[in-house]
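S.K.: Below is start_2.txt; it holds compact mmCIF, C-alpha atoms.
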# COMPACT_ATOMS: atom_id res chain seq x y z
CA MET Z 93 25.20 20.86 8.73
CA LYS Z 94 27.71 18.11 8.18
CA GLY Z 95 25.79 15.77 10.47
CA GLU Z 96 22.60 16.49 8.63
CA ARG Z 97 24.28 15.69 5.38
CA SER Z 98 25.60 12.32 6.50
CA GLU Z 99 22.17 11.47 7.83
CA ILE Z 100 20.67 12.10 4.42
CA ARG Z 101 23.40 9.96 2.84
CA PHE Z 102 22.65 7.15 5.24
CA LYS Z 103 18.94 7.33 4.52
CA ALA Z 104 19.60 7.16 0.81
CA PHE Z 105 21.72 4.05 1.21
CA LEU Z 106 19.59 2.27 3.80
CA PRO Z 107 17.39 0.41 1.27
CA TRP Z 108 20.40 -0.95 -0.58
CA ILE Z 109 22.13 -1.92 2.67
CA LEU Z 110 19.06 -3.80 3.86
CA GLY Z 111 18.47 -5.39 0.47
CA GLY Z 112 22.10 -6.46 0.35
CA SER Z 113 21.92 -7.94 3.81
CA VAL Z 114 18.91 -10.07 2.89
CA LEU Z 115 20.93 -11.35 -0.05
CA LEU Z 116 23.88 -12.06 2.26
CA LEU Z 117 21.61 -13.84 4.75
CA TRP Z 118 20.27 -15.97 1.94
CA ILE Z 119 23.79 -16.83 0.73
CA ALA Z 120 24.78 -17.66 4.29
CA SER Z 121 21.86 -20.07 4.55
CA ARG Z 122 23.09 -21.79 1.39
CA ILE Z 123 26.46 -22.32 3.02
CA TRP Z 124 25.13 -23.27 6.47
CA PRO Z 125 21.83 -25.11 5.87
CA SER Z 126 20.92 -24.96 9.57
CA PHE Z 127 20.56 -21.19 9.27
CA SER Z 128 16.96 -21.27 8.07
CA PHE Z 129 16.19 -17.62 8.87
CA GLY Z 130 18.23 -16.48 5.88
CA GLU Z 131 16.65 -19.06 3.63
CA ARG Z 132 13.14 -17.97 4.60
CA ALA Z 133 14.00 -14.27 4.36
CA GLY Z 134 15.46 -14.76 0.90
CA ARG Z 135 12.48 -16.78 -0.23
CA ALA Z 136 9.97 -14.23 1.10
CA SER Z 137 11.82 -11.35 -0.55
CA PHE Z 138 12.03 -13.26 -3.80
CA GLY Z 139 8.32 -14.01 -3.68
CA MET Z 140 7.66 -10.36 -3.09
CA ILE Z 141 9.80 -9.32 -6.06
CA ARG Z 142 7.95 -11.81 -8.22
CA GLU Z 143 4.62 -10.44 -7.05
CA MET Z 144 5.74 -6.89 -7.80
CA THR Z 145 7.05 -7.67 -11.28
CA GLY Z 146 3.59 -9.02 -12.06
CA ILE Z 147 1.78 -5.95 -10.84
CA LEU Z 148 3.90 -2.82 -10.96
CA PRO Z 149 4.71 -2.65 -14.70
CA VAL Z 150 0.99 -2.85 -15.44
CA MET Z 151 0.24 -0.18 -12.85
CA PHE Z 152 2.88 2.25 -14.06
CA ILE Z 153 1.92 1.84 -17.73
CA LEU Z 154 -1.70 2.43 -16.79
CA VAL Z 155 -0.84 5.49 -14.72
CA GLY Z 156 1.35 6.87 -17.51
CA LEU Z 157 -1.45 6.49 -20.07
CA PHE Z 158 -3.92 7.94 -17.59
CA GLU Z 159 -1.65 10.93 -17.13
CA VAL Z 160 -1.51 11.81 -20.82
CA TRP Z 161 -5.01 10.88 -21.97
CA VAL Z 162 -7.53 11.57 -19.23
CA PRO Z 163 -8.61 15.22 -19.18
CA ARG Z 164 -8.27 16.88 -15.82
CA ARG Z 165 -11.76 18.28 -16.04
CA SER Z 166 -13.53 14.91 -15.97
CA ILE Z 167 -11.75 13.64 -12.86
CA GLU Z 168 -12.16 17.00 -11.17
CA ARG Z 169 -15.86 16.95 -11.86
CA PHE Z 170 -16.51 13.44 -10.57
CA LEU Z 171 -13.92 13.12 -7.82
CA GLY Z 172 -12.90 16.67 -7.00
CA ARG Z 173 -13.75 18.74 -3.98
CA LYS Z 174 -16.96 20.01 -5.51
CA ALA Z 175 -18.24 16.51 -6.23
CA GLY Z 176 -18.95 16.04 -2.52
CA TRP Z 177 -20.25 12.72 -1.29
CA LYS Z 178 -21.43 11.74 -4.76
CA ALA Z 179 -17.83 10.76 -5.43
CA VAL Z 180 -17.81 8.05 -2.76
CA PRO Z 181 -19.73 5.33 -4.66
CA TRP Z 182 -17.46 5.86 -7.68
CA LEU Z 183 -14.35 5.58 -5.56
CA ILE Z 184 -15.58 2.41 -3.88
CA LEU Z 185 -16.60 0.90 -7.20
CA LEU Z 186 -13.21 1.74 -8.66
CA ALA Z 187 -11.39 0.23 -5.68
CA THR Z 188 -13.40 -2.97 -5.23
CA PHE Z 189 -12.86 -4.16 -8.79
CA GLN Z 190 -9.12 -4.13 -8.47
CA ALA Z 191 -6.79 -6.79 -7.22
CA GLY Z 192 -3.39 -6.94 -5.65
CA PRO Z 193 -1.63 -5.36 -2.72
CA LEU Z 194 -2.18 -1.83 -1.44
CA TYR Z 195 1.15 -0.56 -2.76
CA GLY Z 196 -0.20 -1.24 -6.25
CA ALA Z 197 -2.93 1.29 -5.55
CA PHE Z 198 -0.51 4.07 -4.56
CA PRO Z 199 0.42 5.06 -8.13
CA VAL Z 200 -3.24 4.95 -9.16
CA ALA Z 201 -4.26 7.17 -6.25
CA LEU Z 202 -1.49 9.58 -7.10
CA GLY Z 203 -2.57 9.62 -10.74
CA LEU Z 204 -6.10 10.51 -9.63
CA ALA Z 205 -4.81 13.23 -7.32
CA ARG Z 206 -2.77 14.79 -10.12
CA LYS Z 207 -5.97 15.09 -12.15
CA GLY Z 208 -7.85 16.93 -9.44
CA CYS Z 209 -9.25 14.16 -7.25
CA SER Z 210 -9.54 15.79 -3.82
CA ALA Z 211 -7.33 14.75 -0.90
CA ARG Z 212 -10.24 13.29 1.01
CA ASN Z 213 -11.24 11.20 -1.98
CA VAL Z 214 -7.70 9.95 -2.50
CA PHE Z 215 -7.69 8.60 1.04
CA ILE Z 216 -11.20 7.18 0.68
CA TYR Z 217 -9.95 5.34 -2.40
CA LEU Z 218 -6.99 3.94 -0.46
CA GLY Z 219 -9.25 2.91 2.40
CA ALA Z 220 -11.73 1.19 0.10
CA PHE Z 221 -8.93 -0.51 -1.76
CA SER Z 222 -7.35 -1.84 1.40
CA THR Z 223 -10.57 -3.22 2.88
CA LEU Z 224 -13.14 -3.98 0.16
CA LYS Z 225 -11.42 -5.59 -2.82
CA ILE Z 226 -13.65 -8.35 -4.22
CA PRO Z 227 -10.86 -10.91 -4.83
CA LEU Z 228 -9.86 -10.42 -1.21
CA LEU Z 229 -13.41 -10.92 0.02
CA THR Z 230 -13.79 -14.25 -1.78
CA PHE Z 231 -10.73 -15.53 0.04
CA GLU Z 232 -11.88 -14.16 3.34
CA ILE Z 233 -15.34 -15.72 3.04
CA GLY Z 234 -13.79 -19.04 2.09
CA PHE Z 235 -11.51 -19.25 5.10
CA LEU Z 236 -13.19 -17.20 7.81
CA GLY Z 237 -16.84 -17.40 6.81
CA LEU Z 238 -19.44 -14.98 5.53
CA PRO Z 239 -20.44 -13.53 8.94
CA PHE Z 240 -16.83 -12.54 9.68
CA SER Z 241 -16.37 -10.96 6.26
CA LEU Z 242 -19.72 -9.19 6.28
CA ALA Z 243 -19.18 -7.78 9.76
CA ARG Z 244 -15.71 -6.56 8.84
CA VAL Z 245 -16.85 -4.88 5.61
CA LEU Z 246 -19.85 -3.17 7.18
CA ILE Z 247 -17.93 -1.88 10.18
CA SER Z 248 -14.82 -0.92 8.17
CA LEU Z 249 -16.78 1.19 5.71
CA PRO Z 250 -17.63 4.07 8.07
CA ALA Z 251 -14.23 3.63 9.72
CA PHE Z 252 -12.17 4.35 6.61
CA LEU Z 253 -14.49 7.16 5.53
CA LEU Z 254 -13.86 8.76 8.88
CA VAL Z 255 -10.10 8.18 8.66
CA ALA Z 256 -10.05 9.85 5.23
CA MET Z 257 -11.99 12.84 6.51
CA VAL Z 258 -9.71 13.28 9.49
CA VAL Z 259 -6.52 12.93 7.42
CA ASP Z 260 -7.95 15.55 5.06
CA ARG Z 261 -8.43 17.89 8.03
CA LEU Z 262 -5.04 17.17 9.59
CA VAL Z 263 -3.06 17.78 6.41
CA PRO Z 264 -4.68 20.94 5.05
CA GLY Z 265 -3.89 21.96 1.50
CA TRP Z 266 -2.55 18.54 0.63
CA THR Z 267 -1.18 18.26 -2.89
CA PRO Z 268 0.49 15.24 -4.48
CA PRO Z 269 4.31 15.30 -4.50
CA GLU Z 270 5.87 16.11 -7.85
CA PHE Z 271 7.45 13.31 -9.83
CA GLU Z 272 8.44 14.90 -13.07
CA SER Z 273 11.36 17.23 -12.32
CA SER Z 274 13.68 15.69 -14.88
CA ASN Z 275 16.81 17.77 -14.39
CA GLY Z 276 18.17 15.75 -11.52
CA GLY Z 277 16.72 17.86 -8.70
CA SER Z 278 17.26 15.61 -5.69
CA ALA Z 279 14.45 14.48 -3.45
CA VAL Z 280 15.99 16.42 -0.59
CA SER Z 281 16.07 19.78 -2.29
CA ARG Z 282 12.55 19.37 -3.57
CA LYS Z 283 11.34 18.50 -0.09
CA ALA Z 284 13.04 21.59 1.30
CA HIS Z 285 11.35 23.61 -1.38
CA ARG Z 286 7.97 22.19 -0.51
CA ASP Z 287 8.44 22.80 3.21
CA ASN Z 288 9.33 26.40 2.52
CA GLY Z 289 6.29 26.77 0.37
CA SER Z 290 3.91 25.51 3.01
CA SER Z 291 5.35 27.51 5.89
CA SER Z 292 5.10 30.86 4.18
CA MET B 267 -5.09 -9.08 -12.13
CA ILE B 268 -4.92 -10.82 -15.51
CA ALA B 269 -7.97 -8.85 -16.61
CA LEU B 270 -6.20 -5.64 -15.64
CA ALA B 271 -3.08 -6.68 -17.56
CA VAL B 272 -5.14 -7.44 -20.66
CA PHE B 273 -6.97 -4.14 -20.30
CA THR B 274 -3.67 -2.28 -19.96
CA GLY B 275 -2.26 -4.04 -23.00
CA ALA B 276 -5.30 -3.08 -25.05
CA ALA B 277 -5.18 0.51 -23.79
CA LEU B 278 -1.50 0.69 -24.69
CA ALA B 279 -2.18 -0.59 -28.20
CA VAL B 280 -5.01 1.88 -28.77
CA SER B 281 -2.89 4.68 -27.37
CA LEU B 282 0.02 3.79 -29.67
CA ILE B 283 -2.26 3.84 -32.71
CA ALA B 284 -3.90 7.09 -31.68
CA ASP B 285 -0.82 9.11 -30.79
CA ARG B 286 2.72 7.80 -30.69
CA ARG B 287 4.28 10.85 -29.03
CA LYS B 288 1.69 11.10 -26.34
CA THR B 289 2.08 7.41 -25.54
CA ARG B 290 5.82 7.84 -25.26
CA ALA B 291 5.36 10.74 -22.86
CA GLY B 292 2.96 8.67 -20.77
CA LEU B 293 5.29 5.69 -20.58
CA LEU B 294 8.21 7.94 -19.68
CA PHE B 295 6.11 9.47 -16.92
CA GLY B 296 5.37 6.01 -15.53
CA ALA B 297 9.00 4.95 -15.77
CA ARG B 298 10.20 8.10 -14.02
CA MET B 299 7.71 7.55 -11.24
CA PHE B 300 8.96 3.99 -10.87
CA LEU B 301 12.61 5.05 -10.66
CA LYS B 302 11.78 7.64 -8.02
CA ILE B 303 10.20 5.05 -5.75
CA LEU B 304 12.69 2.26 -6.45
CA PRO B 305 14.67 2.76 -3.20
CA ALA B 306 11.47 2.63 -1.16
CA LEU B 307 10.50 -0.57 -2.98
CA VAL B 308 13.85 -2.21 -2.20
CA LEU B 309 13.49 -1.21 1.42
CA MET B 310 10.04 -2.76 1.50
CA VAL B 311 11.16 -6.02 -0.09
CA ALA B 312 14.03 -6.41 2.35
CA ALA B 313 11.86 -5.63 5.37
CA VAL B 314 9.15 -8.03 4.23
CA GLY B 315 11.71 -10.79 3.79
CA MET B 316 13.01 -10.41 7.30
CA ILE B 317 9.63 -9.98 8.96
CA LEU B 318 7.92 -12.85 7.14
CA SER B 319 10.88 -15.02 7.96
CA ALA B 320 10.35 -14.31 11.65
CA LEU B 321 6.62 -15.04 11.53
CA HIS B 322 5.86 -18.77 11.54
CA PRO B 323 2.23 -19.85 11.85
CA ARG B 324 3.37 -21.75 14.96
CA PHE B 325 5.01 -18.63 16.35
CA LEU B 326 1.89 -16.56 15.60
CA GLU B 327 -0.19 -19.11 17.44
CA SER B 328 1.92 -18.70 20.54
CA LEU B 329 1.66 -14.91 20.23
CA PHE B 330 -2.09 -14.81 19.70
CA GLY B 331 -3.02 -17.46 22.26
CA GLY B 332 -4.22 -16.80 25.79
CA SER B 333 -6.86 -14.40 26.94
CA GLY B 334 -7.15 -10.76 27.92
CA VAL B 335 -6.08 -7.59 26.18
CA LEU B 336 -2.52 -8.57 25.36
CA PRO B 337 -3.20 -11.02 22.46
CA PHE B 338 -5.57 -8.43 20.98
CA LEU B 339 -2.87 -5.76 21.04
CA VAL B 340 -0.31 -8.22 19.68
CA GLY B 341 -2.72 -9.10 16.87
CA LEU B 342 -3.03 -5.42 15.99
CA ALA B 343 0.72 -4.88 16.13
CA VAL B 344 1.63 -7.95 14.07
CA GLY B 345 -1.04 -7.08 11.50
CA ALA B 346 0.28 -3.54 11.26
CA VAL B 347 3.89 -4.56 10.73
CA ALA B 348 3.37 -7.60 8.53
CA LEU B 349 2.70 -7.34 4.82
CA ILE B 350 1.13 -10.65 3.93
CA PRO B 351 -0.86 -11.13 0.73
CA GLY B 352 -4.49 -12.11 1.28
CA PHE B 353 -4.11 -15.54 -0.26
CA ILE B 354 -1.62 -16.41 2.48
CA ALA B 355 -3.08 -14.37 5.34
CA PHE B 356 -6.64 -15.71 5.21
CA PRO B 357 -5.74 -19.41 5.12
CA MET B 358 -3.36 -18.66 7.99
CA ALA B 359 -6.12 -16.90 9.93
CA GLY B 360 -8.49 -19.80 9.21
CA LEU B 361 -5.91 -22.22 10.54
CA LEU B 362 -5.38 -20.12 13.65
CA ARG B 363 -9.12 -20.10 14.28
CA THR B 364 -9.32 -23.90 14.20
CA HIS B 365 -6.51 -23.84 16.74
CA GLY B 366 -8.68 -21.89 19.12
CA ILE B 367 -7.52 -18.32 18.59
CA SER B 368 -10.37 -15.96 19.48
CA ILE B 369 -12.39 -13.98 16.93
CA ALA B 370 -11.39 -10.69 18.54
CA VAL B 371 -7.68 -11.39 18.07
CA LEU B 372 -8.15 -12.66 14.53
CA ALA B 373 -10.28 -9.64 13.66
CA ALA B 374 -7.60 -7.35 15.10
CA PHE B 375 -4.93 -9.14 13.09
CA VAL B 376 -6.88 -9.11 9.80
CA THR B 377 -8.18 -5.53 9.99
CA SER B 378 -4.85 -3.99 10.90
CA LEU B 379 -3.13 -6.17 8.29
CA LEU B 380 -5.45 -4.73 5.65
CA MET B 381 -5.58 -1.12 6.76
CA VAL B 382 -2.15 -0.39 8.22
CA GLY B 383 1.19 -0.87 6.51
CA VAL B 384 4.25 -0.01 8.57
CA VAL B 385 6.53 -1.71 6.06
CA THR B 386 5.04 0.23 3.17
CA LEU B 387 5.25 3.52 5.08
CA PRO B 388 8.42 4.74 3.31
CA LEU B 389 6.77 3.99 -0.03
CA GLU B 390 3.52 5.65 0.98
CA SER B 391 5.45 8.72 2.17
CA ARG B 392 7.14 8.91 -1.21
CA PHE B 393 3.74 8.99 -2.91
CA PHE B 394 1.65 11.11 -0.56
CA GLY B 395 4.12 12.92 1.66
CA LYS B 396 5.33 11.87 5.08
CA LYS B 397 2.72 13.70 7.09
CA ALA B 398 -0.30 12.31 5.26
CA ALA B 399 1.15 8.79 5.25
CA LEU B 400 1.86 8.87 8.98
CA TRP B 401 -1.58 10.18 9.82
CA ARG B 402 -3.35 7.74 7.56
CA ASN B 403 -1.57 4.78 9.12
CA GLY B 404 -1.85 6.01 12.69
CA LEU B 405 -5.55 6.71 12.39
CA SER B 406 -6.11 3.46 10.52
CA LEU B 407 -4.51 1.58 13.39
CA ILE B 408 -6.97 3.13 15.83
CA ALA B 409 -9.80 2.43 13.39
CA ALA B 410 -8.67 -1.20 13.07
CA ALA B 411 -8.80 -1.59 16.85
CA ILE B 412 -12.33 -0.18 16.97
CA VAL B 413 -13.50 -2.28 14.01
CA ALA B 414 -12.07 -5.43 15.57
CA LEU B 415 -13.72 -4.71 18.91
CA ALA B 416 -17.06 -4.09 17.24
CA MET B 417 -16.67 -7.27 15.21
CA SER B 418 -16.00 -9.35 18.27
CA LEU B 419 -19.18 -7.95 19.85
CA VAL B 420 -21.28 -8.62 16.76
CA LEU B 421 -19.88 -12.09 16.09
CA LYS B 422 -20.25 -13.36 19.66
Produce structure tokens that represent the structure in this file.
M.R.:
Amino acid sequence: MKGERSEIRFKAFLPWILGGSVLLLWIASRIWPSFSFGERAGRASFGMIREMTGILPVMFILVGLFEVWVPRRSIERFLGRKAGWKAVPWLILLATFQAGPLYGAFPVALGLARKGCSARNVFIYLGAFSTLKIPLLTFEIGFLGLPFSLARVLISLPAFLLVAMVVDRLVPGWTPPEFESSNGGSAVSRKAHRDNGSSS
Amino acid sequence: MIALAVFTGAALAVSLIADRRKTRAGLLFGARMFLKILPALVLMVAAVGMILSALHPRFLESLFGGSGVLPFLVGLAVGAVALIPGFIAFPMAGLLRTHGISIAVLAAFVTSLLMVGVVTLPLESRFFGKKAALWRNGLSLIAAAIVALAMSLVLK
């Protein structure tokens, strides 16, 4: 019991420990200029933070508005379990016209799931987002050529559809994790609750 | 991205005019979601810093060079672990190709880079649950290998 507890503590602190150590590495590289690893690590992390501050606020505002305004019925009808394969073109269309890294799509996918988009379709959306974004394709064609890009897109399409179907099968009864318990219920206790719920 | 920001701004304005309280609830929902995933984000940023720092183009070239199955597997593995934005990854891949790295290895690197995210796994677990995130990434890795193999056959 005690061991389990300290493990949870450690897990909770790990991000801050790692983040702090990147900062320390960067400071060290300021003091000893020959230590370029720290300088590069700091610069890469900083670039990443800059990228995220450009994307994530927009995403979370959008998801928040989506949550309060979009009626559950409409998403359920177009992207829910009953929509079948007719949902796929919509999902792909939605995904290809976006930009940015995959982690920017996570909140959007979760927002869709909360409104009744089926598990399979959530993972199809993620797959389409990761492989078919139009801004990404323009870059790819520019540097690796149209044949490379075309071959990758055409072969990836059935691949991520299949992955989504299999994930849907492997995680039966998937529902999006809750995010709104406001009264300080810790992630751990909620996870325990969920595990209990699924085993019974 | 700018288009999306403009769209979001407009949507926010319309929402504020239409219903103040509802907008507030929506923004609070977004903010709460952000706070819940903040630790996973910090973890990701730190991991990306360290991994990108270790991956020089020159170093990648030495990893991906040579023939046989090993560079292919290395390409898959590096692509899975690295989180490199497209505007850096594709020029890098283009450069590697002019340096004689094979299409199969580049395809393996690019497809697994796009489909698999080991570094974002904690974040993905936070959003979709650990089990689904693990399966999606594991299966995507296999899919990336198959896609890359098929690409190398087609692009001969």
S.K.: May I ask you to extract the residues of chain B within 7 Å of chain Z, using only C-alpha atoms, and to give them as number ranges by chain?
M.R.: B: 267, 271, 274, 288-289, 292-293, 295-297, 299, 305-306, 308-309, 311-312, 314-316, 318-319, 351-353, 356-357, 360, 380-381, 393-395, 398, 401-402, 405-406, 409, 413, 417
S.K.: For Ala410 (chain B), which of B:Pro388, B:Gly275, B:Gly334, B:Gly383 is the closest residue, counting only C-alpha atoms?
M.R.: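 Checking each of B:Pro388, B:Gly275, B:Gly334, B:Gly383 against Ala410 (chain B), counting only C-alpha atoms, the winner is B:Gly383.
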S.K.: Kindly give the distance, in Å, that separates CA of Leu361 (chain B) and CA of Ala343 (chain B), rounded to a single decimal.
M.R.: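 Separation of CA of Leu361 (chain B) and CA of Ala343 (chain B): 19.4 Å.
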S.K.: Determine, counting all atoms listed in the file, which protein, DNA and RNA residues have an atom within 9 Å of an atom of region 320-332 of chain B; residues of the same chain fewer than 5 positions away are not included. Present the result as an MDAnalysis selection string.
M.R.: (chainID Z and resid 129 132:133) or (chainID B and resid 315 337:338 340:341 344 348 358 361:362 365:368 371:372)
S.K.: May I ask which of the residues Z:Arg122, Z:Arg212, Z:Arg142, Z:Arg261 is the closest one to Ala179 (chain Z), counting all atoms listed in the file?
M.R.: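 Among the listed residues, the smallest separation from Ala179 (chain Z) belongs to Z:Arg212.
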S.K.: To one decimal place, how far is CA of Trp182 (chain Z) from CA of Asn213 (chain Z) in Å?
M.R.: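 According to the coordinates, CA of Trp182 (chain Z) and CA of Asn213 (chain Z) are separated by 10.0 Å.
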S.K.: Provide the CA of Ser418 (chain B) to CA of Leu183 (chain Z) distance in Å, to one decimal place.
M.R.: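 Between CA of Ser418 (chain B) and CA of Leu183 (chain Z) the gap works out to 28.2 Å.
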S.K.: For a cut-off of 6 Å around (-1.1, -2.0, 11.6), file coordinates, pick out all residues using all atoms listed in the file and list them as a list in words.
M.R.: Leu342, Ala343, Gly345, Ala346, Val347, Ser378, Leu379, Val382, Gly383 and Leu407 of chain B
S.K.: Residues as selected, C-alpha atoms, written as an mmCIF file, in the coordinates of the input, can you do that?
M.R.:
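Once everything was written out, this is result-v4.cif:
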data_model
loop_
_atom_site.group_PDB
_atom_site.id
_atom_site.type_symbol
_atom_site.label_atom_id
_atom_site.label_comp_id
_atom_site.auth_asym_id
_atom_site.auth_seq_id
_atom_site.Cartn_x
_atom_site.Cartn_y
_atom_site.Cartn_z
ATOM 1 C CA LEU B 342 -3.030 -5.420 15.990
ATOM 2 C CA ALA B 343 0.720 -4.880 16.130
ATOM 3 C CA GLY B 345 -1.040 -7.080 11.500
ATOM 4 C CA ALA B 346 0.280 -3.540 11.260
ATOM 5 C CA VAL B 347 3.890 -4.560 10.730
ATOM 6 C CA SER B 378 -4.850 -3.990 10.900
ATOM 7 C CA LEU B 379 -3.130 -6.170 8.290
ATOM 8 C CA VAL B 382 -2.150 -0.390 8.220
ATOM 9 C CA GLY B 383 1.190 -0.870 6.510
ATOM 10 C CA LEU B 407 -4.510 1.580 13.390
#
S.K.: With all atoms listed in the file as the atoms that count, which of B:Ala370, B:Ala291, B:Leu282, B:Ile317 lies nearest to Leu419 (chain B)?
M.R.: B:Ala370
S.K.: Could region 292-306 of chain B be completed with N, CA and C atoms and written as a tab-separated table (two decimals), keeping the file's coordinate frame, please?
M.R.:
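So part.tsv came out as:
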chain	number	residue	atom	x	y	z
B	292	GLY	N	3.63	9.36	-21.87
B	292	GLY	CA	2.96	8.67	-20.77
B	292	GLY	C	3.84	7.58	-20.19
B	293	LEU	N	4.44	6.78	-21.06
B	293	LEU	CA	5.29	5.69	-20.58
B	293	LEU	C	6.50	6.23	-19.84
B	294	LEU	N	7.06	7.32	-20.35
B	294	LEU	CA	8.21	7.94	-19.68
B	294	LEU	C	7.81	8.43	-18.30
B	295	PHE	N	6.60	9.00	-18.22
B	295	PHE	CA	6.11	9.47	-16.92
B	295	PHE	C	6.05	8.31	-15.93
B	296	GLY	N	5.45	7.19	-16.40
B	296	GLY	CA	5.37	6.01	-15.53
B	296	GLY	C	6.73	5.51	-15.11
B	297	ALA	N	7.66	5.45	-16.07
B	297	ALA	CA	9.00	4.95	-15.77
B	297	ALA	C	9.72	5.84	-14.77
B	298	ARG	N	9.54	7.16	-14.93
B	298	ARG	CA	10.20	8.10	-14.02
B	298	ARG	C	9.67	7.94	-12.62
B	299	MET	N	8.35	7.76	-12.53
B	299	MET	CA	7.71	7.55	-11.24
B	299	MET	C	8.27	6.29	-10.58
B	300	PHE	N	8.43	5.24	-11.39
B	300	PHE	CA	8.96	3.99	-10.87
B	300	PHE	C	10.37	4.17	-10.34
B	301	LEU	N	11.22	4.86	-11.09
B	301	LEU	CA	12.61	5.05	-10.66
B	301	LEU	C	12.67	5.85	-9.37
B	302	LYS	N	11.78	6.81	-9.23
B	302	LYS	CA	11.78	7.64	-8.02
B	302	LYS	C	11.44	6.82	-6.78
B	303	ILE	N	10.60	5.80	-6.94
B	303	ILE	CA	10.20	5.05	-5.75
B	303	ILE	C	11.00	3.76	-5.58
B	304	LEU	N	11.94	3.51	-6.51
B	304	LEU	CA	12.69	2.26	-6.45
B	304	LEU	C	13.36	2.01	-5.09
B	305	PRO	N	14.05	3.02	-4.51
B	305	PRO	CA	14.67	2.76	-3.20
B	305	PRO	C	13.66	2.34	-2.15
B	306	ALA	N	12.50	3.00	-2.14
B	306	ALA	CA	11.47	2.63	-1.16
B	306	ALA	C	10.98	1.21	-1.40
